[in-house]
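Enquirer: First, the structure itself, so that you have it in front of you.
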Amino acid sequence: MSMNLAHKTRSVILIFVAMLLASCGGGGGGGSPPPPPPPPTINEIEPNDTVAQVQVVTFPATISGSTIGDILDSVPAVDLDAYRFTLASAQTVTIVLTGGTSQDMDLSLFDSGGMEIGFSIGDQTSNETITMSLVAGTYDVVVFPFLVDVTTTYTLSIQ
Ligand SMILES: [Ca+2]
Ligand SMILES: [Ca+2]
């Protein structure tokens with residue numbers, strides 16, 4: 001009776017150790033550090049349609065948003081998306097709008113005085129890019145739905 005119990009206990013321990021080894025083996029042996037996390041993507045926060053409502057982001061930024069509208073006749077209602085970033089020092093900045101290749105959305109860049117200093121107005125099959133050498137200061141990027149019939153998501157990269 002007692003021998004039987006001892007045998008049973010030893011068997012359970014053996015199975016437990018085998019399971020431990022199996023779970024360790026699944027870990028890939030360790031050693032290689034995990035890859036660095038990708039930079040976080042900021043979600044747009046509506047309303048962000050006017051200078052007063054502009055969404056302030058930290059440079060550099062990657063923003064996920066959506067837009068709809070028709071600039072020419074305002075039907076459906078135009079959803080402008082405005083983002084403000086500040087450069088601490090002069091540098092070349094590249095702003096890329098992707099995701100609008102089935103709808104026509106465009107991109108404009110304004111200085112702190114409200115002057116448009118750059119734009120990208122490709123057709124609906126293109127993404128939009130503005131690359132400019134900028135002095136230190138504050139800038140507004142605006143995503144325009146030139147002709148966006150259905151709500152369309154985009155990614156705006158300011159690097
Ligand atoms: Ca929007
Ligand atoms: Ca908006």
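Each chain of the structure tokens is named A, B, ... in the order shown, its residues numbered from 1; ligands are numbered from 1 in display order.
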Which residues come within 9 Å of segment 98-111 of chain A, counting only C-alpha atoms, excluding same-chain residues fewer than 2 positions away, as JSON, numbers by chain?
Expert: {"A": [67, 68, 95, 96, 113, 114, 115, 116, 117, 118, 119, 120, 121, 122, 123, 124, 125, 126, 127, 128, 129, 130, 137, 138, 139, 140, 141, 142, 143, 144, 145, 146, 147, 148, 149, 150, 152, 153, 154, 155, 156, 157]}
Enquirer: Using only C-alpha atoms, which protein or nucleic acid residues come within 12 Å of Thr62 of chain A? Drop anything in the same chain fewer than 2 positions from it, and give the result as a PyMOL selection string.
Expert: chain A and resi 38-44+57-60+64-65+83+85+94-98+154-159
Enquirer: Give me the residues within 10 Å of Ser133 of chain A as an NGL selection string, counting only C-alpha atoms and dropping any in the same chain fewer than 4 places off.
Expert: :A and (90-94)
Enquirer: Hey, can you spit out that residue selection with C-alpha atoms as a compact mmCIF listing (two decimals), in the first residue's frame?
Expert:
```
# COMPACT_ATOMS: atom_id res chain seq x y z
CA ALA A 90 15.55 74.47 -37.07
CA GLN A 91 15.32 71.24 -39.04
CA THR A 92 13.93 69.59 -42.13
CA VAL A 93 10.48 68.23 -41.42
CA THR A 94 8.65 65.61 -43.48
```
Enquirer: Tell me which of A:Gly31, A:Gly69, A:Pro37, A:Pro47 sits closest to ligand 2, counting only C-alpha atoms and all ligand atoms.
Expert: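 Checking each of A:Gly31, A:Gly69, A:Pro37, A:Pro47 against ligand 2, counting only C-alpha atoms and all ligand atoms, the winner is A:Pro47.
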Enquirer: Counting only C-alpha atoms and all ligand atoms, what are the residues, protein, DNA or RNA alike, that approach ligand 2 to within 8 Å? I want them as JSON, numbers by chain.
Expert: {"A": [45, 46, 47, 48, 49, 67, 79, 80, 81, 82]}
Enquirer: Go ahead and dump the residues you just picked, C-alpha atoms, as a CSV table (one decimal), in the first residue's frame.
Expert:
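part.csv written:
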```
chain,number,residue,atom,x,y,z
A,45,ILE,CA,-9.4,64.2,-30.8
A,46,GLU,CA,-12.5,65.9,-32.3
A,47,PRO,CA,-13.4,68.7,-32.5
A,48,ASN,CA,-10.1,69.8,-34.1
A,49,ASP,CA,-11.6,71.8,-37.0
A,67,THR,CA,-12.2,62.6,-42.2
A,79,ASP,CA,-14.3,67.6,-41.3
A,80,LEU,CA,-11.0,69.6,-41.2
A,81,ASP,CA,-8.4,68.1,-38.9
A,82,ALA,CA,-5.8,70.5,-37.5
```
Enquirer: For each of A:Ser74, A:Ser66, A:Thr131, A:Thr151, take the minimum atom-to-atom distance to ligand 1, counting only C-alpha atoms and all ligand atoms, then give the residue where this is smallest.
Expert: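 Of A:Ser74, A:Ser66, A:Thr131, A:Thr151, the one nearest ligand 1, counting only C-alpha atoms and all ligand atoms, is A:Ser66.
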Enquirer: Based on the backbone DSSP call, show me all residues of segment 22-149 of chain A assigned alpha helix (DSSP H), as a list in words.
Expert: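 Going through segment 22-149 of chain A, the alpha helix (DSSP H) residues come out as Ala22, Ser23, Cys24 and Gly25 of chain A.
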Enquirer: Please save N, CA and C atoms of the selected residues as an mmCIF file, in the first residue's frame.
Expert:
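File part_33.cif, as written:
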```
data_model
loop_
_atom_site.group_PDB
_atom_site.id
_atom_site.type_symbol
_atom_site.label_atom_id
_atom_site.label_comp_id
_atom_site.auth_asym_id
_atom_site.auth_seq_id
_atom_site.Cartn_x
_atom_site.Cartn_y
_atom_site.Cartn_z
ATOM 1 N N ALA A 22 9.116 21.405 -20.578
ATOM 2 C CA ALA A 22 8.441 21.702 -21.842
ATOM 3 C C ALA A 22 8.125 23.188 -21.934
ATOM 4 N N SER A 23 7.645 23.784 -20.827
ATOM 5 C CA SER A 23 7.273 25.189 -20.886
ATOM 6 C C SER A 23 8.511 26.068 -21.020
ATOM 7 N N CYS A 24 9.639 25.606 -20.388
ATOM 8 C CA CYS A 24 10.881 26.367 -20.540
ATOM 9 C C CYS A 24 11.347 26.315 -21.985
ATOM 10 N N GLY A 25 11.207 25.140 -22.593
ATOM 11 C CA GLY A 25 11.681 24.964 -23.961
ATOM 12 C C GLY A 25 10.943 25.861 -24.932
#
```
